[in-house]
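Enquirer: You'll find start_10.cif just under this line, and it carries mmCIF, C-alpha atoms.
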data_work
loop_
_atom_site.label_atom_id
_atom_site.label_comp_id
_atom_site.auth_asym_id
_atom_site.auth_seq_id
_atom_site.Cartn_x
_atom_site.Cartn_y
_atom_site.Cartn_z
CA MET A 1 -85.05 -237.79 -52.15
CA VAL A 2 -85.47 -238.74 -55.78
CA ARG A 3 -82.71 -240.80 -57.25
CA SER A 4 -82.56 -241.47 -60.93
CA ARG A 5 -81.22 -244.81 -61.89
CA ILE A 6 -78.32 -244.70 -64.25
CA ASP A 7 -76.55 -247.33 -66.24
CA PRO A 8 -75.32 -249.34 -63.27
CA VAL A 9 -72.25 -250.69 -64.97
CA GLY A 10 -71.15 -247.93 -67.34
CA GLU A 11 -68.95 -244.87 -66.93
CA GLY A 12 -71.73 -243.04 -65.04
CA TYR A 13 -71.73 -245.76 -62.45
CA ALA A 14 -67.93 -245.65 -62.24
CA ALA A 15 -68.08 -241.91 -61.54
CA LEU A 16 -70.65 -242.42 -58.80
CA ARG A 17 -68.58 -245.15 -57.26
CA ASP A 18 -65.59 -242.82 -57.31
CA LEU A 19 -67.70 -240.22 -55.51
CA VAL A 20 -68.76 -242.75 -52.87
CA GLU A 21 -65.17 -243.84 -52.38
CA GLN A 22 -63.97 -240.25 -52.10
CA CYS A 23 -66.67 -239.35 -49.57
CA LEU A 24 -65.86 -242.50 -47.62
CA ARG A 25 -62.24 -241.48 -47.46
CA GLU A 26 -63.00 -237.89 -46.46
CA SER A 27 -65.49 -238.86 -43.77
CA TRP A 28 -63.71 -241.98 -42.55
CA GLY A 29 -62.71 -240.56 -39.18
CA GLN A 30 -66.16 -239.10 -38.54
CA LEU A 31 -67.82 -242.31 -39.66
CA TYR A 32 -65.65 -244.22 -37.22
CA GLY A 33 -66.57 -241.76 -34.47
CA TYR A 34 -70.22 -242.31 -35.30
CA ALA A 35 -69.69 -246.09 -35.32
CA LEU A 36 -68.12 -245.79 -31.89
CA SER A 37 -71.06 -243.78 -30.63
CA LEU A 38 -73.43 -246.46 -31.91
CA CYS A 39 -71.52 -249.52 -30.77
CA GLY A 40 -69.84 -248.20 -27.66
CA GLU A 41 -66.62 -250.14 -28.16
CA PRO A 42 -63.89 -250.19 -30.82
CA ASP A 43 -63.94 -253.78 -32.08
CA THR A 44 -67.62 -253.76 -33.01
CA ALA A 45 -67.24 -250.24 -34.39
CA ARG A 46 -64.41 -251.36 -36.69
CA ASP A 47 -66.49 -254.27 -37.90
CA LEU A 48 -69.49 -252.00 -38.45
CA ILE A 49 -67.62 -249.33 -40.41
CA GLN A 50 -65.92 -251.89 -42.63
CA ALA A 51 -69.14 -253.78 -43.34
CA SER A 52 -70.89 -250.49 -44.10
CA ALA A 53 -68.10 -249.41 -46.43
CA VAL A 54 -68.34 -252.66 -48.35
CA LYS A 55 -72.09 -252.19 -48.61
CA ALA A 56 -71.77 -248.58 -49.77
CA LEU A 57 -69.14 -249.43 -52.36
CA GLY A 58 -71.37 -252.17 -53.73
CA THR A 59 -74.53 -250.08 -54.02
CA ALA A 60 -75.84 -249.68 -57.55
CA SER A 61 -77.58 -246.34 -57.14
CA PRO A 62 -75.98 -244.10 -54.53
CA PRO A 63 -76.98 -240.42 -54.32
CA ARG A 64 -75.39 -238.21 -56.96
CA GLU A 65 -74.65 -235.12 -54.87
CA ARG A 66 -71.63 -234.99 -52.59
CA ARG A 67 -73.51 -233.70 -49.53
CA ALA A 68 -76.21 -236.29 -50.05
CA VAL A 69 -73.62 -239.04 -50.39
CA ARG A 70 -72.08 -238.08 -47.07
CA ALA A 71 -75.42 -238.22 -45.22
CA TRP A 72 -76.24 -241.42 -47.05
CA LEU A 73 -73.00 -243.07 -45.84
CA PHE A 74 -73.95 -242.34 -42.25
CA ARG A 75 -77.43 -243.66 -42.90
CA VAL A 76 -76.09 -246.87 -44.46
CA MET A 77 -74.02 -247.45 -41.36
CA ARG A 78 -76.86 -246.64 -39.02
CA ASN A 79 -79.22 -248.98 -40.88
CA ASP A 80 -76.59 -251.70 -40.73
CA TRP A 81 -76.26 -251.17 -37.00
CA ILE A 82 -80.03 -251.27 -36.56
CA ASP A 83 -80.18 -254.49 -38.53
CA ARG A 84 -77.57 -255.96 -36.22
CA THR A 85 -79.32 -254.90 -33.08
CA ARG A 86 -82.68 -256.02 -34.47
CA ARG A 87 -84.06 -252.51 -34.10
CA SER A 88 -85.30 -253.19 -30.58
CA ALA A 89 -82.28 -251.57 -28.97
CA VAL A 90 -82.83 -248.28 -30.76
CA ARG A 91 -86.49 -247.79 -30.04
CA ARG A 92 -86.66 -244.83 -27.76
CA ALA A 93 -89.72 -243.13 -26.50
CA GLU A 94 -89.74 -239.52 -27.60
CA ALA A 95 -90.61 -237.72 -24.40
CA GLY A 96 -92.37 -234.39 -24.40
CA PRO A 97 -90.53 -231.09 -24.43
CA ILE A 98 -88.11 -230.55 -21.61
CA GLU A 99 -86.73 -227.43 -20.04
CA PRO A 100 -83.89 -227.06 -17.59
CA ALA A 101 -84.79 -225.80 -14.15
CA LEU A 102 -85.88 -222.20 -14.18
CA GLY A 103 -84.45 -219.56 -11.93
CA VAL A 104 -80.77 -219.69 -11.08
CA TRP A 105 -78.74 -221.21 -13.90
CA ALA A 106 -77.62 -224.58 -12.59
CA TYR A 107 -74.66 -225.36 -14.79
CA GLU A 108 -71.16 -224.22 -14.09
CA ASP A 109 -69.46 -223.15 -17.33
CA ALA A 110 -65.99 -223.61 -15.85
CA ARG A 111 -66.55 -227.37 -15.76
CA ILE A 112 -67.14 -227.55 -19.52
CA ALA A 113 -63.85 -228.58 -21.03
CA GLU A 114 -62.69 -231.18 -23.53
CA ILE A 115 -61.91 -233.77 -20.87
CA THR A 116 -65.17 -233.39 -18.97
CA VAL A 117 -67.17 -233.37 -22.18
CA ARG A 118 -65.38 -236.49 -23.40
CA GLN A 119 -66.20 -238.28 -20.16
CA GLY A 120 -69.74 -236.95 -20.18
CA LEU A 121 -70.28 -238.21 -23.72
CA ALA A 122 -69.11 -241.65 -22.67
CA ARG A 123 -71.79 -241.74 -19.97
CA LEU A 124 -74.67 -240.70 -22.20
CA GLU A 125 -77.17 -243.21 -23.45
CA ALA A 126 -76.59 -244.23 -27.08
CA GLY A 127 -79.39 -242.13 -28.58
CA HIS A 128 -78.16 -238.93 -26.97
CA ARG A 129 -74.56 -239.63 -27.92
CA GLU A 130 -75.62 -240.38 -31.49
CA ILE A 131 -77.39 -237.08 -32.14
CA ILE A 132 -74.51 -235.08 -30.65
CA GLU A 133 -72.10 -237.10 -32.76
CA LEU A 134 -74.02 -236.26 -35.92
CA VAL A 135 -74.55 -232.54 -35.33
CA ASP A 136 -71.50 -231.44 -33.37
CA LEU A 137 -68.84 -233.89 -34.51
CA ALA A 138 -69.88 -234.88 -38.01
CA GLY A 139 -71.16 -231.34 -38.63
CA PHE A 140 -74.57 -232.19 -40.10
CA ARG A 141 -77.35 -229.62 -40.26
CA TYR A 142 -80.58 -230.60 -38.56
CA ALA A 143 -82.19 -231.49 -41.89
CA GLU A 144 -79.27 -233.72 -42.83
CA ALA A 145 -79.23 -235.43 -39.43
CA ALA A 146 -82.97 -235.94 -39.83
CA GLU A 147 -82.31 -237.71 -43.10
CA VAL A 148 -79.65 -239.93 -41.53
CA LEU A 149 -81.95 -240.82 -38.65
CA ASN A 150 -85.11 -240.96 -40.75
CA LEU A 151 -86.83 -238.56 -38.36
CA PRO A 152 -88.64 -235.24 -38.72
CA VAL A 153 -86.43 -232.19 -38.29
CA GLY A 154 -88.42 -231.15 -35.23
CA THR A 155 -87.66 -234.44 -33.55
CA VAL A 156 -83.96 -233.99 -34.26
CA MET A 157 -84.13 -230.53 -32.73
CA SER A 158 -85.78 -231.73 -29.53
CA ARG A 159 -83.64 -234.85 -29.29
CA LEU A 160 -80.49 -232.78 -29.61
CA SER A 161 -81.54 -230.28 -26.97
CA ARG A 162 -82.40 -233.12 -24.62
CA ALA A 163 -79.08 -234.78 -25.33
CA ARG A 164 -77.20 -231.59 -24.52
CA LEU A 165 -79.06 -231.21 -21.29
CA ALA A 166 -78.15 -234.82 -20.43
CA LEU A 167 -74.55 -234.04 -21.31
CA LEU A 168 -74.54 -231.01 -19.04
CA ASP A 169 -75.93 -233.18 -16.24
CA ALA A 170 -73.25 -235.79 -16.90
CA ILE A 171 -70.56 -233.12 -16.79
CA GLU A 172 -71.91 -231.72 -13.55
CA GLY A 173 -71.79 -235.21 -12.06
CA SER A 174 -68.25 -235.78 -13.30
CA GLN A 175 -65.47 -236.35 -10.83
CA VAL A 176 -63.08 -234.77 -13.29
CA THR A 177 -62.31 -231.08 -12.94
CA PRO A 178 -60.51 -229.18 -15.67
CA LEU A 179 -56.96 -228.12 -14.81
CA GLU A 180 -57.74 -224.43 -15.37
CA ARG A 181 -60.41 -224.56 -12.69
CA ARG A 182 -58.14 -226.31 -10.19
CA ARG A 183 -55.49 -223.70 -10.78
CA GLY A 184 -58.06 -220.97 -10.26
CA MET A 185 -59.08 -222.42 -6.92
CA ARG A 186 -55.64 -222.19 -5.39
CA MET B 1 -90.44 -217.19 -23.30
CA VAL B 2 -87.64 -218.73 -25.35
CA GLY B 3 -87.59 -222.53 -25.14
CA TRP B 4 -84.59 -224.78 -24.63
CA ASP B 5 -84.95 -226.30 -28.10
CA GLU B 6 -84.88 -222.84 -29.62
CA ILE B 7 -81.77 -221.85 -27.70
CA ASN B 8 -79.98 -224.89 -29.08
CA ALA B 9 -81.19 -224.15 -32.59
CA TYR B 10 -79.94 -220.58 -32.22
CA VAL B 11 -76.46 -221.75 -31.21
CA ASP B 12 -76.47 -224.24 -34.10
CA GLY B 13 -77.37 -221.54 -36.61
CA GLU B 14 -80.62 -223.27 -37.50
CA LEU B 15 -83.01 -220.34 -36.98
CA ASP B 16 -84.18 -218.11 -39.80
CA ALA B 17 -83.42 -214.39 -39.89
CA ASP B 18 -86.59 -213.29 -38.09
CA ASP B 19 -86.11 -215.75 -35.26
CA ILE B 20 -82.46 -214.77 -34.91
CA ALA B 21 -83.46 -211.12 -34.52
CA ARG B 22 -86.13 -212.03 -31.98
CA MET B 23 -83.65 -214.17 -30.06
CA ALA B 24 -81.02 -211.43 -30.06
CA ALA B 25 -83.53 -208.98 -28.60
CA ALA B 26 -84.53 -211.49 -25.92
CA ILE B 27 -80.92 -212.20 -24.98
CA ALA B 28 -80.26 -208.49 -24.60
CA GLY B 29 -82.97 -208.22 -21.96
CA ASP B 30 -82.54 -211.50 -20.10
CA ALA B 31 -79.31 -212.36 -18.29
CA SER B 32 -80.43 -215.92 -17.58
CA LEU B 33 -81.16 -216.54 -21.25
CA ALA B 34 -77.79 -215.07 -22.16
CA ALA B 35 -76.12 -217.47 -19.71
CA ARG B 36 -77.89 -220.43 -21.27
CA VAL B 37 -76.87 -219.43 -24.77
CA ALA B 38 -73.28 -219.01 -23.61
CA THR B 39 -73.33 -222.42 -21.93
CA ILE B 40 -74.63 -224.20 -25.02
CA ALA B 41 -72.10 -222.40 -27.20
CA ARG B 42 -69.31 -223.42 -24.87
CA LEU B 43 -70.59 -226.98 -24.69
CA LYS B 44 -70.73 -227.21 -28.47
CA ALA B 45 -67.20 -225.86 -28.84
CA ALA B 46 -65.86 -228.30 -26.24
CA THR B 47 -67.68 -231.18 -27.94
CA VAL B 48 -66.19 -230.28 -31.31
CA ALA B 49 -62.77 -230.27 -29.64
CA THR B 50 -63.22 -233.93 -28.66
CA ALA B 51 -63.29 -234.95 -32.35
CA ARG B 52 -60.75 -237.21 -34.02
CA PRO B 53 -61.20 -240.59 -32.39
CA ARG B 54 -57.96 -242.36 -31.67
CA GLU B 55 -56.79 -245.36 -33.67
CA VAL B 56 -59.12 -244.94 -36.61
CA PRO B 57 -59.09 -248.23 -38.58
CA PRO B 58 -57.50 -248.14 -42.02
CA HIS B 59 -59.67 -247.17 -44.95
CA PRO B 60 -60.68 -250.29 -46.90
CA VAL B 61 -59.67 -248.75 -50.20
CA GLY B 62 -55.96 -248.26 -49.83
CA LYS B 63 -55.14 -246.28 -52.94
CA ALA B 64 -54.69 -242.53 -52.92
CA PRO B 65 -57.64 -240.61 -54.35
CA THR B 66 -55.56 -238.97 -57.04
CA GLU B 67 -54.03 -242.23 -58.17
CA ARG B 68 -55.14 -243.50 -61.54
CA ARG B 69 -56.97 -246.72 -60.96
CA TRP B 70 -59.10 -249.34 -62.55
CA ARG B 71 -62.64 -248.18 -63.26
CA PRO B 72 -65.21 -250.95 -63.23
CA SER B 73 -66.97 -250.14 -66.45
CA TRP B 74 -69.38 -252.85 -67.48
CA LYS B 75 -67.25 -254.11 -70.35
CA ARG B 76 -64.33 -254.46 -68.00
CA LEU B 77 -66.44 -256.14 -65.34
CA ALA B 78 -67.77 -258.58 -67.91
CA LEU B 79 -64.24 -259.21 -69.10
CA ALA B 80 -63.06 -259.74 -65.54
CA ALA B 81 -65.91 -262.19 -64.92
CA SER B 82 -65.13 -264.05 -68.11
CA LEU B 83 -61.45 -264.13 -67.27
CA ALA B 84 -62.20 -265.44 -63.81
CA LEU B 85 -64.27 -268.23 -65.25
CA LEU B 86 -61.63 -268.96 -67.87
CA ILE B 87 -58.95 -269.10 -65.22
CA LEU B 88 -61.06 -271.40 -63.10
CA ALA B 89 -61.82 -273.63 -66.06
CA GLY B 90 -58.13 -273.69 -66.94
CA GLY B 91 -57.27 -274.68 -63.40
CA VAL B 92 -59.62 -277.60 -63.68
CA ALA B 93 -58.12 -278.71 -66.96
CA ARG B 94 -54.63 -278.71 -65.50
CA LEU B 95 -55.79 -280.91 -62.66
CA GLY B 96 -56.93 -283.53 -65.19
CA GLN B 97 -59.55 -286.23 -64.92
CA SER B 98 -58.82 -287.08 -61.30
CA ALA B 99 -59.59 -283.57 -60.08
CA ALA B 100 -62.68 -283.36 -57.88
CA VAL B 101 -64.66 -280.78 -59.86
CA ASP B 102 -67.62 -281.01 -57.58
CA PRO B 103 -69.49 -278.88 -55.03
CA ILE B 104 -69.09 -281.73 -52.56
CA ALA B 105 -65.32 -281.33 -52.71
CA ALA B 106 -65.70 -277.59 -52.33
CA ALA B 107 -67.86 -278.12 -49.25
CA ALA B 108 -65.16 -280.29 -47.77
CA ILE B 109 -62.48 -277.73 -48.51
CA GLU B 110 -64.49 -274.81 -47.16
CA GLN B 111 -65.85 -276.61 -44.12
CA VAL B 112 -63.57 -274.54 -41.90
CA TRP B 113 -65.32 -271.35 -42.97
CA LEU B 114 -68.75 -272.99 -42.92
CA SER B 115 -68.19 -274.07 -39.32
CA GLY B 116 -67.33 -270.49 -38.33
CA THR B 117 -63.77 -271.10 -37.22
CA ALA B 118 -61.99 -269.29 -40.08
CA SER B 119 -60.89 -265.69 -39.96
CA GLU B 120 -62.75 -263.44 -42.33
CA GLY B 121 -63.18 -259.87 -43.50
CA ARG B 122 -59.90 -259.07 -45.20
CA ALA B 123 -60.59 -260.96 -48.40
CA VAL B 124 -63.95 -259.36 -48.98
CA LEU B 125 -62.52 -255.91 -48.34
CA GLU B 126 -59.94 -256.56 -51.01
CA VAL B 127 -62.72 -257.55 -53.37
CA ALA B 128 -64.56 -254.32 -52.51
CA ALA B 129 -61.41 -252.29 -53.01
CA ALA B 130 -61.05 -253.77 -56.49
CA GLY B 131 -64.65 -252.81 -57.23
CA ARG B 132 -65.60 -256.45 -57.75
CA THR B 133 -68.38 -256.96 -55.23
CA HIS B 134 -70.77 -256.76 -58.18
CA LEU B 135 -69.50 -260.11 -59.36
CA PHE B 136 -71.20 -261.68 -56.36
CA PRO B 137 -74.95 -261.87 -55.78
CA ASP B 138 -76.24 -259.30 -53.32
CA LEU B 139 -78.24 -261.19 -50.66
CA SER B 140 -78.48 -258.30 -48.23
CA ALA B 141 -82.27 -258.16 -48.60
CA ALA B 142 -82.30 -261.61 -46.97
CA ASP B 143 -80.00 -260.30 -44.22
CA LEU B 144 -77.04 -262.18 -45.65
CA HIS B 145 -73.88 -260.18 -46.23
CA LEU B 146 -70.74 -261.05 -48.13
CA HIS B 147 -67.98 -261.76 -45.61
CA TYR B 148 -65.59 -264.12 -47.29
CA VAL B 149 -64.30 -264.84 -50.76
CA SER B 150 -61.97 -267.63 -51.73
CA PHE B 151 -60.25 -268.35 -54.99
CA GLY B 152 -57.67 -270.47 -53.22
CA PRO B 153 -58.23 -274.08 -52.22
CA ALA B 154 -61.74 -274.11 -53.63
CA GLY B 155 -60.36 -272.73 -56.86
CA GLN B 156 -58.06 -275.72 -57.08
CA ALA B 157 -61.18 -277.85 -56.88
CA GLY B 158 -62.49 -276.00 -59.90
CA GLY B 159 -64.53 -273.14 -58.48
CA ALA B 160 -64.85 -269.97 -56.50
CA PHE B 161 -66.48 -269.64 -53.13
CA ALA B 162 -68.33 -266.67 -51.60
CA GLY B 163 -69.34 -266.80 -47.95
CA TYR B 164 -72.30 -264.85 -46.57
CA VAL B 165 -73.16 -264.31 -42.91
CA GLY B 166 -76.58 -263.52 -41.45
CA PRO B 167 -77.41 -261.49 -38.32
CA ASN B 168 -77.73 -264.60 -36.16
CA GLY B 169 -74.46 -266.01 -37.39
CA CYS B 170 -75.94 -268.15 -40.16
CA ARG B 171 -73.21 -268.97 -42.65
CA LEU B 172 -74.11 -269.62 -46.26
CA GLY B 173 -71.59 -270.50 -48.96
CA LEU B 174 -72.10 -270.09 -52.69
CA TRP B 175 -69.75 -272.16 -54.79
CA TRP B 176 -69.53 -272.12 -58.56
CA GLY B 177 -67.30 -273.81 -61.09
CA PRO B 178 -67.28 -275.40 -64.53
CA GLY B 179 -70.21 -277.67 -65.31
CA GLN B 180 -70.28 -280.98 -67.12
CA GLY B 181 -72.62 -279.83 -69.87
CA GLU B 182 -75.82 -281.15 -68.36
CA THR B 183 -78.51 -278.87 -66.94
CA TYR B 184 -80.32 -279.69 -63.72
CA PRO B 185 -82.38 -277.76 -61.16
CA PRO B 186 -81.44 -277.21 -57.51
CA THR B 187 -81.01 -280.64 -55.97
CA PRO B 188 -80.25 -281.62 -52.35
CA ARG B 189 -76.81 -283.15 -52.04
CA ASP B 190 -76.29 -282.96 -48.30
CA VAL B 191 -73.07 -284.35 -46.92
CA GLY B 192 -72.99 -285.01 -43.20
CA SER B 193 -74.00 -281.86 -41.39
CA VAL B 194 -73.57 -279.65 -44.46
CA ARG B 195 -76.76 -279.01 -46.38
CA ILE B 196 -76.07 -278.53 -50.06
CA ARG B 197 -78.32 -277.49 -52.93
CA ALA B 198 -76.54 -277.89 -56.28
CA TRP B 199 -77.68 -276.96 -59.78
CA SER B 200 -76.17 -276.47 -63.21
CA ASP B 201 -76.91 -274.41 -66.28
CA GLY B 202 -74.62 -276.51 -68.45
CA PRO B 203 -71.34 -274.63 -68.63
CA ARG B 204 -71.38 -273.88 -64.88
CA THR B 205 -72.32 -275.71 -61.74
CA PHE B 206 -73.50 -273.86 -58.63
CA ALA B 207 -74.08 -274.92 -55.07
CA LEU B 208 -75.36 -273.27 -51.94
CA MET B 209 -74.19 -274.87 -48.72
CA SER B 210 -74.62 -274.28 -45.03
CA ARG B 211 -74.19 -276.08 -41.74
CA SER B 212 -76.16 -273.57 -39.71
CA MET B 213 -79.10 -272.68 -41.93
CA GLY B 214 -82.24 -274.82 -41.80
CA GLY B 215 -83.26 -276.74 -44.90
CA GLU B 216 -86.47 -274.77 -45.46
CA ARG B 217 -84.72 -271.41 -45.45
CA LEU B 218 -81.91 -272.82 -47.57
CA ASP B 219 -84.51 -273.90 -50.15
CA HIS B 220 -86.00 -270.38 -50.11
CA VAL B 221 -82.65 -268.76 -50.63
CA THR B 222 -81.63 -271.29 -53.27
CA ALA B 223 -84.69 -270.46 -55.38
CA LEU B 224 -83.72 -266.80 -55.23
CA VAL B 225 -80.03 -267.22 -55.83
CA THR B 226 -80.66 -269.25 -58.97
CA ALA B 227 -82.44 -266.17 -60.39
CA LEU B 228 -79.71 -263.81 -59.19
CA VAL B 229 -76.97 -265.97 -60.64
CA ALA B 230 -78.82 -266.16 -63.93
CA ASP B 231 -78.90 -262.35 -63.96
CA LEU B 232 -75.21 -262.23 -63.11
CA THR B 233 -74.26 -264.59 -65.91
CA ARG B 234 -76.49 -262.66 -68.30
CA ARG B 235 -74.46 -259.62 -67.22
CA THR B 236 -77.30 -257.61 -65.81
CA ARG B 237 -77.33 -256.12 -62.36
CA PRO B 238 -78.50 -258.73 -59.84
CA ASP B 239 -80.19 -256.38 -57.40
CA ASP B 240 -83.36 -255.44 -59.21
CA GLU B 241 -86.69 -255.27 -57.44
CA ARG B 242 -87.87 -258.51 -58.97
CA ALA B 243 -85.10 -260.35 -57.17
CA ARG B 244 -85.23 -258.33 -53.98
CA SER B 245 -88.90 -258.86 -53.15
CA PRO B 246 -88.58 -262.62 -52.71
CA LEU B 247 -85.35 -262.05 -50.80
CA TYR B 248 -87.29 -260.02 -48.27
CA ALA B 249 -89.83 -262.83 -48.15
CA ALA B 250 -87.02 -265.26 -47.42
CA ALA B 251 -85.79 -263.03 -44.63
CA ARG B 252 -89.27 -262.89 -43.12
CA ALA B 253 -89.53 -266.67 -43.31
CA ARG B 254 -86.49 -266.77 -41.08
CA ILE B 255 -85.85 -269.96 -39.20
CA PRO B 256 -83.29 -269.68 -36.43
CA CYS B 257 -79.79 -270.81 -37.20
CA LEU B 258 -79.07 -274.29 -36.08
CA GLY B 259 -75.48 -273.83 -35.12
#
Now, as a test, write the supplied structure out as structure tokens.
Expert:
Amino acid sequence: MVRSRIDPVGEGYAALRDLVEQCLRESWGQLYGYALSLCGEPDTARDLIQASAVKALGTASPPRERRAVRAWLFRVMRNDWIDRTRRSAVRRAEAGPIEPALGVWAYEDARIAEITVRQGLARLEAGHREIIELVDLAGFRYAEAAEVLNLPVGTVMSRLSRARLALLDAIEGSQVTPLERRRGMR
Amino acid sequence: MVGWDEINAYVDGELDADDIARMAAAIAGDASLAARVATIARLKAATVATARPREVPPHPVGKAPTERRWRPSWKRLALAASLALLILAGGVARLGQSAAVDPIAAAAIEQVWLSGTASEGRAVLEVAAAGRTHLFPDLSAADLHLHYVSFGPAGQAGGAFAGYVGPNGCRLGLWWGPGQGETYPPTPRDVGSVRIRAWSDGPRTFALMSRSMGGERLDHVTALVTALVADLTRRTRPDDERARSPLYAAARARIPCLG
């Protein structure tokens, strides 16, 4: 992405800062959700989102387009988190392509409900939870998520499909059964 | 055969028109593929339904977006900086000759923060909300982030204090206040366990201080902050590449925190 530098202290800068602040406000809940997916617990997530907001508000040359600002905010937070964890915790080997077992479809759709998905998400490893958070919860397109994660789009695509397969496995292993299913079994 | 990645991309609306048509034809002739597509679609919908995390922390900028608010144009920022310095200088004058206008006094007053026992976070968020983070040097390239700002007790001693924290918990304080007219380069003025590097450009005195940062790294950072502060007082942005490159070097020359 090419960013042109503008007068960092004039009215142009003030307008960009307004845009950053507005995008922060609009995406605050999703940013916090993403922080939770990165940190795994609320206190660290609160600290991360606030530190990232301060950093974003103090940046001299943020992106100028609204959609780009939104992705950039997530990237600022992710970079902050990586800095904190010294990058080692986020190195993940990108395995080769995976496919679910062929033949009879193994996953029971009736088990997929908000409560089982929520519990399944909590059991996923951070990298899987993160990509699902970005695409399904924050609503990013693959290309935007790729920009946030600094990865090729193809890697995002394969990481997401792997994450969903892991989520399906986690749901299948869940002890929780949706109410509708229990009613249906009576 | 349609791959798992492609099924997910289909559900996410990421395929182009040709691939969508090909996928639709494949689904029509393959019940297992249709089941997989339905499962992913259902999984995605259920995941979206889990949104809205509970107890979202408050937004750091508390004003409503439509509210008319202060815009940090450069002239206003410069005015605010000048006013801050004037206020600080005025505070010193009111305290008279006996006032300890000295970085050593500031180190004593801020020793609670330097030792890591003070609460932090709120003050710097208020500074960010007012759009005034630009009044403080950006040391993020050296992995030091603004966590604490004080115009209170340190202000009574004739200065302002900004506290930065590194990833290993290193705490670095930057104090500045009115100078005595003389100019001198960064000079060690350690007091007890607090390492201090003080310098003056004449009208202002500055000091970097830390209990937890080693002397070598403190010297590195001091050399860089003198340049950043000079930029700040010349009213240019302090985060240019010239300043950031040596900051990265200082970060690479990291010596573990001592405390």
Enquirer: Between atom CA of Asp109 of chain A and atom CA of Arg42 of chain B, what is the distance, to one decimal in Å?
Expert: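 According to the coordinates, atom CA of Asp109 of chain A and atom CA of Arg42 of chain B are separated by 7.5 Å.
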Enquirer: Out of B:Glu14, B:Ser32, B:Ala49, B:Met1, which residue has the shortest atom-to-atom distance to Val153 of chain A when counting all atoms listed in the file?
Expert: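 When distances to Val153 of chain A are compared using all atoms listed in the file, the smallest one comes from B:Glu14.
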Enquirer: Can you work out the spacing between atom CA of Leu218 of chain B and atom CA of Val165 of chain B in Å, to one decimal?
Expert: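 Distance between the two atoms: 13.1 Å.
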Enquirer: To test your reading of the syntax: which residues would the PyMOL selection byres ((chain A and resi 40-56) around 7) return for the file shown? Reply as a PDB file with C-alpha atoms, in the frame of the given file.
Expert:
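Once everything was written out, this is selection.pdb:
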ATOM      1  CA  TYR A  32     -65.650-244.220 -37.220  1.00  0.00           C
ATOM      2  CA  ALA A  35     -69.690-246.090 -35.320  1.00  0.00           C
ATOM      3  CA  LEU A  36     -68.120-245.790 -31.890  1.00  0.00           C
ATOM      4  CA  SER A  37     -71.060-243.780 -30.630  1.00  0.00           C
ATOM      5  CA  LEU A  38     -73.430-246.460 -31.910  1.00  0.00           C
ATOM      6  CA  CYS A  39     -71.520-249.520 -30.770  1.00  0.00           C
ATOM      7  CA  LEU A  57     -69.140-249.430 -52.360  1.00  0.00           C
ATOM      8  CA  GLY A  58     -71.370-252.170 -53.730  1.00  0.00           C
ATOM      9  CA  THR A  59     -74.530-250.080 -54.020  1.00  0.00           C
ATOM     10  CA  LEU A  73     -73.000-243.070 -45.840  1.00  0.00           C
ATOM     11  CA  VAL A  76     -76.090-246.870 -44.460  1.00  0.00           C
ATOM     12  CA  MET A  77     -74.020-247.450 -41.360  1.00  0.00           C
ATOM     13  CA  ASP A  80     -76.590-251.700 -40.730  1.00  0.00           C
ATOM     14  CA  TRP A  81     -76.260-251.170 -37.000  1.00  0.00           C
TER      15      TRP A  81
ATOM     16  CA  PRO B  57     -59.090-248.230 -38.580  1.00  0.00           C
ATOM     17  CA  PRO B  60     -60.680-250.290 -46.900  1.00  0.00           C
ATOM     18  CA  LEU B 125     -62.520-255.910 -48.340  1.00  0.00           C
ATOM     19  CA  ALA B 128     -64.560-254.320 -52.510  1.00  0.00           C
TER      20      ALA B 128
END
Enquirer: State, in Å with one decimal place, the distance from atom CA of Ala45 of chain B to atom CA of Gly29 of chain A.
Expert: 18.5 Å
Enquirer: Quick one: of A:Ala71, A:Leu149, A:Ala163, A:Met157, who's nearest to chain B, counting all atoms listed in the file?
Expert: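 The closest residue to chain B is A:Met157.
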Enquirer: Need the shell around Trp28 of chain A: protein/DNA/RNA residues with any atom at most 9 Å away, counting all atoms listed in the file. Skip same-chain ones fewer than 2 positions apart. Format as a list in words?
Expert: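 Surrounding residues, per the criterion: Cys23, Leu24, Arg25, Glu26, Gln30, Leu31, Tyr32, Gly33 and Ile49 of chain A; Val56, Pro57, Pro58 and His59 of chain B.
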Enquirer: Restricting the calculation to all atoms listed in the file, which member of B:Val11, B:Val2, B:Ile20, B:Val48 is positioned closest to Ala138 of chain A?
Expert: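 Checking each of B:Val11, B:Val2, B:Ile20, B:Val48 against Ala138 of chain A, counting all atoms listed in the file, the winner is B:Val48.
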Enquirer: Of the candidates B:Leu15, B:Ala41, B:Ala9, B:Ala51, which shows the shortest atom-to-atom distance to Gly139 of chain A, using only C-alpha atoms?
Expert: B:Ala51
Enquirer: Step by step, work through what the PyMOL selection byres ((chain A and resi 131) around 9) selects in the shown file, and finish by giving those residues as a list in words.
Expert: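 Against this file, the PyMOL selection byres ((chain A and resi 131) around 9) returns the residues Ala126, Gly127, His128, Arg129, Glu130, Ile132, Glu133, Leu134, Val135, Asp136, Ala145, Leu149, Val156, Arg159, Leu160 and Ala163 of chain A.
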Enquirer: Would you compute the box with edges along x, y and z of the file around segment 187-203 of chain B, including every atom the file lists for it and 8 Å extra on each side, and give its centre and edge lengths in Å to one decimal, as JSON?
Expert:
{"center_x": -76.2, "center_y": -279.7, "center_z": -55.0, "size_x": 25.7, "size_y": 26.6, "size_z": 43.2}
